[in-house]
Structures are given as structure tokens and as C-alpha cells.
Amino acid sequence: SPNAFGFTIDPKDPNRVWFFVKNTGTFTGEDGFSLGDLVAFPPTGDSLDGAPETFSIIFDGTDENRIKSLSVGYVNDRFEGNTNGDGAAVGIFRVIGLPFPKGPGPFLRFSQWFGTEVYNVGAYSYSKDVPKWWTDKST
């Protein structure tokens, strides 16, 4: 459960909403977690007590209020919870035992690119299919 709280409109950008998340959960279920046929992580019953994180949503400013950007994983207190200071999916992966590189580096960049562009996990749009309004800096 994300347990979102503290929603507020950015004082300098009325199209941006800031809020906090403190993920909690238990790794259960019949299937656990798998990366296709590559590797599987059976459920362990381990509990997630995530570090508090700051999120933001930027809307496009049109009458349709489409989401232009979602920022996640900015940890506010790395000493709270059981994710070793990691936020978002990385913190969840750590709790279930999925090895994940610590900090930015070539392996992390490669795994993010591979997961999105080759294996198609994570983002639902290939970079070549991102709509023009997403990258438009004027809104």
C-alpha cells in the first residue's frame, strides 16, 4: 500500500502537486515475483516498511488535465523503514531479495534501458513513441 499523504499544490507551479508516500506490504501470493523465464522469486512473507518518499505529479495545464510527469523515489529519511534508504521499486526489490545495483552507474543505466526498451517491463511506452506534448518544455 502506498499510504499517500500530505498533498499540496506547488506555490510556483499550479500544475504540480507534491505529496508523500510510505509504502508498506507483505511479499505473499502464489506466484511471487518473476522476470519472465529468467529468474523467479517465490514469496517469502517478508514485510515492507518503506522509507518516506516525496512524489510529484505535473499536469499538462489543459482542460483534460493529462499527467505530463510523475516523479517518484525521493527518499526523505533514509534511516526509516527496512529498505536500506532506497525508495520506489528499488526499495521494494531489496526487501523481496532481488539484487539491484546501489547508486547510479553503468549497470543501473543498462538495466533500466534493457528493462524498458528490450524486455518491455516498467514504462509502457518506448522512447520513440513518447508523444510530443510530453517533451514540450512550454507547458
# chains A, B, ... in the order shown; residues from 1 in each chain; ligands from 1
call {"tool": "select_by_dssp", "arguments": {"residues": "segment 2-129 of chain A", "states": "helix (DSSP H, G or I)", "output": "ChimeraX atom specification"}}
result
/A:88-96,106-118,127-129
call {"tool": "write_last_selection", "arguments": {"atoms": "N, CA, C and O atoms", "output": "JSON list (two decimals), in the first residue's frame"}}
result
[["chain", "number", "residue", "atom", "x", "y", "z"],
["A", 88, "ALA", "N", 11.00, 3.88, -3.92],
["A", 88, "ALA", "CA", 10.29, 3.39, -5.10],
["A", 88, "ALA", "C", 10.50, 1.89, -5.26],
["A", 88, "ALA", "O", 10.59, 1.15, -4.28],
["A", 89, "ALA", "N", 10.56, 1.42, -6.50],
["A", 89, "ALA", "CA", 10.67, -0.01, -6.77],
["A", 89, "ALA", "C", 11.96, -0.60, -6.23],
["A", 89, "ALA", "O", 12.00, -1.76, -5.82],
["A", 90, "VAL", "N", 13.04, 0.19, -6.20],
["A", 90, "VAL", "CA", 14.32, -0.33, -5.72],
["A", 90, "VAL", "C", 14.21, -0.77, -4.26],
["A", 90, "VAL", "O", 14.71, -1.83, -3.88],
["A", 91, "GLY", "N", 13.53, 0.01, -3.45],
["A", 91, "GLY", "CA", 13.32, -0.37, -2.06],
["A", 91, "GLY", "C", 12.50, -1.64, -1.93],
["A", 91, "GLY", "O", 12.81, -2.51, -1.11],
["A", 92, "ILE", "N", 11.48, -1.78, -2.76],
["A", 92, "ILE", "CA", 10.65, -2.99, -2.75],
["A", 92, "ILE", "C", 11.50, -4.18, -3.19],
["A", 92, "ILE", "O", 11.45, -5.25, -2.58],
["A", 93, "PHE", "N", 12.28, -4.02, -4.25],
["A", 93, "PHE", "CA", 13.14, -5.11, -4.73],
["A", 93, "PHE", "C", 14.10, -5.58, -3.64],
["A", 93, "PHE", "O", 14.34, -6.76, -3.48],
["A", 94, "ARG", "N", 14.66, -4.64, -2.89],
["A", 94, "ARG", "CA", 15.61, -5.01, -1.83],
["A", 94, "ARG", "C", 14.94, -5.89, -0.78],
["A", 94, "ARG", "O", 15.51, -6.87, -0.31],
["A", 95, "VAL", "N", 13.70, -5.56, -0.41],
["A", 95, "VAL", "CA", 13.00, -6.31, 0.63],
["A", 95, "VAL", "C", 12.68, -7.73, 0.16],
["A", 95, "VAL", "O", 12.78, -8.68, 0.93],
["A", 96, "ILE", "N", 12.33, -7.91, -1.13],
["A", 96, "ILE", "CA", 11.99, -9.26, -1.60],
["A", 96, "ILE", "C", 13.22, -10.07, -2.01],
["A", 96, "ILE", "O", 13.11, -11.22, -2.40],
["A", 106, "PRO", "N", 26.93, 2.40, -14.61],
["A", 106, "PRO", "CA", 26.63, 1.81, -15.91],
["A", 106, "PRO", "C", 25.69, 0.61, -15.82],
["A", 106, "PRO", "O", 24.84, 0.44, -16.69],
["A", 107, "PHE", "N", 25.80, -0.22, -14.77],
["A", 107, "PHE", "CA", 24.91, -1.37, -14.68],
["A", 107, "PHE", "C", 23.47, -0.93, -14.45],
["A", 107, "PHE", "O", 22.55, -1.48, -15.05],
["A", 108, "LEU", "N", 23.26, 0.08, -13.61],
["A", 108, "LEU", "CA", 21.91, 0.58, -13.37],
["A", 108, "LEU", "C", 21.33, 1.18, -14.65],
["A", 108, "LEU", "O", 20.19, 0.89, -15.02],
["A", 109, "ARG", "N", 22.10, 2.00, -15.35],
["A", 109, "ARG", "CA", 21.61, 2.59, -16.60],
["A", 109, "ARG", "C", 21.28, 1.50, -17.62],
["A", 109, "ARG", "O", 20.25, 1.57, -18.30],
["A", 110, "PHE", "N", 22.14, 0.49, -17.72],
["A", 110, "PHE", "CA", 21.88, -0.60, -18.66],
["A", 110, "PHE", "C", 20.62, -1.36, -18.27],
["A", 110, "PHE", "O", 19.78, -1.66, -19.13],
["A", 111, "SER", "N", 20.44, -1.67, -16.98],
["A", 111, "SER", "CA", 19.27, -2.43, -16.57],
["A", 111, "SER", "C", 17.99, -1.65, -16.80],
["A", 111, "SER", "O", 16.97, -2.22, -17.19],
["A", 112, "GLN", "N", 18.02, -0.33, -16.60],
["A", 112, "GLN", "CA", 16.83, 0.48, -16.88],
["A", 112, "GLN", "C", 16.53, 0.51, -18.37],
["A", 112, "GLN", "O", 15.38, 0.37, -18.78],
["A", 113, "TRP", "N", 17.57, 0.69, -19.20],
["A", 113, "TRP", "CA", 17.37, 0.69, -20.65],
["A", 113, "TRP", "C", 16.86, -0.67, -21.12],
["A", 113, "TRP", "O", 15.88, -0.75, -21.86],
["A", 114, "PHE", "N", 17.49, -1.75, -20.67],
["A", 114, "PHE", "CA", 17.11, -3.09, -21.09],
["A", 114, "PHE", "C", 15.68, -3.41, -20.68],
["A", 114, "PHE", "O", 14.90, -3.93, -21.46],
["A", 115, "GLY", "N", 15.34, -3.07, -19.45],
["A", 115, "GLY", "CA", 14.00, -3.36, -18.96],
["A", 115, "GLY", "C", 12.91, -2.62, -19.69],
["A", 115, "GLY", "O", 11.80, -3.12, -19.85],
["A", 116, "THR", "N", 13.20, -1.44, -20.19],
["A", 116, "THR", "CA", 12.19, -0.64, -20.89],
["A", 116, "THR", "C", 12.20, -0.89, -22.39],
["A", 116, "THR", "O", 11.16, -1.14, -23.00],
["A", 117, "GLU", "N", 13.37, -0.83, -23.00],
["A", 117, "GLU", "CA", 13.46, -0.87, -24.46],
["A", 117, "GLU", "C", 13.54, -2.27, -25.05],
["A", 117, "GLU", "O", 13.16, -2.49, -26.18],
["A", 118, "VAL", "N", 14.06, -3.23, -24.31],
["A", 118, "VAL", "CA", 14.25, -4.57, -24.85],
["A", 118, "VAL", "C", 13.23, -5.54, -24.27],
["A", 118, "VAL", "O", 12.47, -6.18, -24.99],
["A", 127, "SER", "N", 10.68, 4.82, -26.03],
["A", 127, "SER", "CA", 11.10, 6.21, -26.14],
["A", 127, "SER", "C", 10.70, 6.82, -27.47],
["A", 127, "SER", "O", 10.36, 8.00, -27.54],
["A", 128, "LYS", "N", 10.72, 6.06, -28.54],
["A", 128, "LYS", "CA", 10.36, 6.59, -29.87],
["A", 128, "LYS", "C", 8.87, 6.87, -29.99],
["A", 128, "LYS", "O", 8.45, 7.60, -30.88],
["A", 129, "ASP", "N", 8.05, 6.33, -29.07],
["A", 129, "ASP", "CA", 6.60, 6.52, -29.14],
["A", 129, "ASP", "C", 6.07, 7.57, -28.17],
["A", 129, "ASP", "O", 4.86, 7.77, -28.09]]
call {"tool": "select_by_dssp", "arguments": {"residues": "segment 26-65 of chain A", "states": "strand (DSSP E)", "output": "list in words"}}
result
Thr26, Phe33, Ser34, Ala40, Phe41, Ser47, Leu48, Asp49, Glu53, Thr54, Phe55, Ser56, Ile57, Ile58 and Phe59 of chain A
call {"tool": "write_last_selection", "arguments": {"atoms": "all heavy atoms", "output": "CSV table (one decimal), in the first residue's frame"}}
result
chain,number,residue,atom,x,y,z
A,26,THR,N,3.4,-6.9,2.4
A,26,THR,CA,4.0,-8.2,2.7
A,26,THR,C,4.1,-9.0,1.4
A,26,THR,O,3.2,-9.0,0.6
A,26,THR,CB,3.1,-9.0,3.7
A,26,THR,OG1,2.9,-8.1,4.9
A,26,THR,CG2,3.7,-10.3,4.1
A,33,PHE,N,7.3,-13.2,-7.5
A,33,PHE,CA,7.7,-12.2,-8.5
A,33,PHE,C,8.7,-12.8,-9.4
A,33,PHE,O,9.6,-13.5,-9.0
A,33,PHE,CB,8.4,-11.0,-7.8
A,33,PHE,CG,8.9,-9.9,-8.7
A,33,PHE,CD1,8.1,-9.0,-9.3
A,33,PHE,CD2,10.3,-9.9,-9.0
A,33,PHE,CE1,8.6,-8.1,-10.2
A,33,PHE,CE2,10.8,-8.9,-9.9
A,33,PHE,CZ,9.9,-8.0,-10.4
A,34,SER,N,8.5,-12.6,-10.7
A,34,SER,CA,9.5,-13.2,-11.7
A,34,SER,C,9.8,-12.2,-12.8
A,34,SER,O,9.0,-11.3,-13.1
A,34,SER,CB,8.9,-14.5,-12.3
A,34,SER,OG,7.8,-14.2,-13.2
A,40,ALA,N,13.0,-16.2,-10.9
A,40,ALA,CA,11.8,-16.1,-10.1
A,40,ALA,C,12.1,-16.0,-8.6
A,40,ALA,O,13.1,-16.6,-8.2
A,40,ALA,CB,10.9,-17.3,-10.3
A,41,PHE,N,11.3,-15.2,-7.9
A,41,PHE,CA,11.5,-15.0,-6.5
A,41,PHE,C,10.2,-15.4,-5.8
A,41,PHE,O,9.2,-14.7,-5.9
A,41,PHE,CB,11.8,-13.5,-6.2
A,41,PHE,CG,13.1,-13.1,-6.7
A,41,PHE,CD1,13.2,-12.6,-8.0
A,41,PHE,CD2,14.2,-13.1,-5.9
A,41,PHE,CE1,14.5,-12.2,-8.5
A,41,PHE,CE2,15.5,-12.7,-6.4
A,41,PHE,CZ,15.6,-12.3,-7.7
A,47,SER,N,8.1,-8.5,5.2
A,47,SER,CA,7.3,-7.2,5.2
A,47,SER,C,8.1,-6.0,4.8
A,47,SER,O,9.3,-5.9,5.0
A,47,SER,CB,6.8,-7.0,6.7
A,47,SER,OG,5.9,-7.9,7.1
A,48,LEU,N,7.4,-5.1,4.1
A,48,LEU,CA,8.0,-3.9,3.6
A,48,LEU,C,7.5,-2.8,4.5
A,48,LEU,O,6.4,-2.6,4.7
A,48,LEU,CB,7.5,-3.6,2.1
A,48,LEU,CG,7.8,-2.2,1.6
A,48,LEU,CD1,9.3,-2.0,1.4
A,48,LEU,CD2,7.1,-2.0,0.3
A,49,ASP,N,8.5,-2.0,5.0
A,49,ASP,CA,8.3,-0.8,5.7
A,49,ASP,C,9.1,0.3,5.1
A,49,ASP,O,10.3,0.5,5.4
A,49,ASP,CB,8.6,-1.0,7.2
A,49,ASP,CG,8.4,0.3,8.0
A,49,ASP,OD1,7.6,1.2,7.6
A,49,ASP,OD2,9.1,0.5,9.1
A,53,GLU,N,8.9,8.9,1.2
A,53,GLU,CA,9.4,9.5,-0.1
A,53,GLU,C,8.5,10.6,-0.6
A,53,GLU,O,7.3,10.7,-0.3
A,53,GLU,CB,9.3,8.4,-1.2
A,53,GLU,CG,10.0,7.1,-0.9
A,53,GLU,CD,9.7,6.0,-2.0
A,53,GLU,OE1,9.7,6.4,-3.2
A,53,GLU,OE2,9.4,4.9,-1.6
A,54,THR,N,9.1,11.5,-1.3
A,54,THR,CA,8.4,12.6,-1.9
A,54,THR,C,8.1,12.3,-3.4
A,54,THR,O,9.0,11.8,-4.1
A,54,THR,CB,9.2,14.0,-1.9
A,54,THR,OG1,9.5,14.3,-0.5
A,54,THR,CG2,8.5,15.1,-2.5
A,55,PHE,N,6.9,12.5,-3.8
A,55,PHE,CA,6.4,12.3,-5.1
A,55,PHE,C,5.9,13.6,-5.6
A,55,PHE,O,5.5,14.5,-4.9
A,55,PHE,CB,5.3,11.3,-5.2
A,55,PHE,CG,5.6,9.8,-5.1
A,55,PHE,CD1,6.6,9.4,-4.2
A,55,PHE,CD2,4.9,8.9,-5.9
A,55,PHE,CE1,6.9,8.0,-4.1
A,55,PHE,CE2,5.2,7.6,-5.8
A,55,PHE,CZ,6.2,7.1,-4.9
A,56,SER,N,5.8,13.8,-7.0
A,56,SER,CA,5.1,14.9,-7.5
A,56,SER,C,4.5,14.5,-8.9
A,56,SER,O,5.0,13.6,-9.5
A,56,SER,CB,6.0,16.1,-7.8
A,56,SER,OG,6.8,15.9,-8.9
A,57,ILE,N,3.3,15.1,-9.2
A,57,ILE,CA,2.7,14.9,-10.4
A,57,ILE,C,2.6,16.3,-11.1
A,57,ILE,O,2.1,17.2,-10.5
A,57,ILE,CB,1.2,14.3,-10.3
A,57,ILE,CG1,1.3,12.9,-9.6
A,57,ILE,CG2,0.5,14.2,-11.6
A,57,ILE,CD1,0.0,12.4,-9.2
A,58,ILE,N,3.0,16.3,-12.4
A,58,ILE,CA,2.8,17.6,-13.2
A,58,ILE,C,1.7,17.3,-14.2
A,58,ILE,O,1.8,16.3,-15.0
A,58,ILE,CB,4.1,18.0,-13.8
A,58,ILE,CG1,5.2,18.3,-12.8
A,58,ILE,CG2,3.9,19.2,-14.7
A,58,ILE,CD1,6.6,18.6,-13.3
A,59,PHE,N,0.7,18.1,-14.2
A,59,PHE,CA,-0.4,18.0,-15.2
A,59,PHE,C,0.0,19.0,-16.4
A,59,PHE,O,0.7,19.9,-16.2
A,59,PHE,CB,-1.7,18.4,-14.6
A,59,PHE,CG,-2.1,17.4,-13.5
A,59,PHE,CD1,-1.8,17.7,-12.2
A,59,PHE,CD2,-2.8,16.3,-13.8
A,59,PHE,CE1,-2.2,16.8,-11.2
A,59,PHE,CE2,-3.2,15.4,-12.8
A,59,PHE,CZ,-2.9,15.6,-11.5
call {"tool": "atom_distance", "arguments": {"atom1": "atom CA of Asp77 of chain A", "atom2": "atom CA of Thr44 of chain A"}}
result
25.9 Å
call {"tool": "residues_around", "arguments": {"residues": "Pro14 of chain A", "least_positions_apart": "2", "cutoff": "12 Å", "atoms": "only C-alpha atoms", "output": "list in words"}}
result
Thr8, Ile9, Asp10, Pro11, Lys12, Arg16, Val17, Trp18, Ile57, Ile58, Phe59, Asp60, Gly61, Asn65 and Thr139 of chain A
call {"tool": "closest_residue", "arguments": {"among": "A:Val75, A:Leu38, A:Ala4, A:Leu98", "to": "Ala51 of chain A", "atoms": "only C-alpha atoms"}}
result
A:Val75
call {"tool": "decode", "arguments": {"residues": "segment 51-62 of chain A", "atoms": "N, CA and C atoms", "output": "mmCIF file, in the first residue's frame"}}
result
data_model
loop_
_atom_site.group_PDB
_atom_site.id
_atom_site.type_symbol
_atom_site.label_atom_id
_atom_site.label_comp_id
_atom_site.auth_asym_id
_atom_site.auth_seq_id
_atom_site.Cartn_x
_atom_site.Cartn_y
_atom_site.Cartn_z
ATOM 1 N N ALA A 51 10.820 3.635 3.356
ATOM 2 C CA ALA A 51 11.240 4.966 3.788
ATOM 3 C C ALA A 51 10.248 5.992 3.243
ATOM 4 N N PRO A 52 10.018 7.091 3.965
ATOM 5 C CA PRO A 52 9.126 8.123 3.426
ATOM 6 C C PRO A 52 9.747 8.745 2.178
ATOM 7 N N GLU A 53 8.917 8.925 1.151
ATOM 8 C CA GLU A 53 9.374 9.454 -0.130
ATOM 9 C C GLU A 53 8.517 10.636 -0.560
ATOM 10 N N THR A 54 9.129 11.549 -1.299
ATOM 11 C CA THR A 54 8.396 12.647 -1.914
ATOM 12 C C THR A 54 8.093 12.285 -3.360
ATOM 13 N N PHE A 55 6.861 12.477 -3.755
ATOM 14 C CA PHE A 55 6.419 12.279 -5.135
ATOM 15 C C PHE A 55 5.891 13.611 -5.647
ATOM 16 N N SER A 56 5.816 13.750 -6.967
ATOM 17 C CA SER A 56 5.092 14.884 -7.545
ATOM 18 C C SER A 56 4.457 14.451 -8.859
ATOM 19 N N ILE A 57 3.349 15.092 -9.171
ATOM 20 C CA ILE A 57 2.657 14.896 -10.449
ATOM 21 C C ILE A 57 2.561 16.263 -11.109
ATOM 22 N N ILE A 58 2.967 16.335 -12.371
ATOM 23 C CA ILE A 58 2.804 17.557 -13.150
ATOM 24 C C ILE A 58 1.738 17.297 -14.201
ATOM 25 N N PHE A 59 0.716 18.132 -14.192
ATOM 26 C CA PHE A 59 -0.351 18.046 -15.191
ATOM 27 C C PHE A 59 -0.015 18.966 -16.353
ATOM 28 N N ASP A 60 -0.601 18.698 -17.519
ATOM 29 C CA ASP A 60 -0.221 19.435 -18.726
ATOM 30 C C ASP A 60 -0.874 20.816 -18.835
ATOM 31 N N GLY A 61 -1.771 21.175 -17.931
ATOM 32 C CA GLY A 61 -2.354 22.509 -17.942
ATOM 33 C C GLY A 61 -3.517 22.690 -18.903
ATOM 34 N N THR A 62 -3.941 21.620 -19.563
ATOM 35 C CA THR A 62 -5.090 21.702 -20.469
ATOM 36 C C THR A 62 -6.362 21.363 -19.699
#
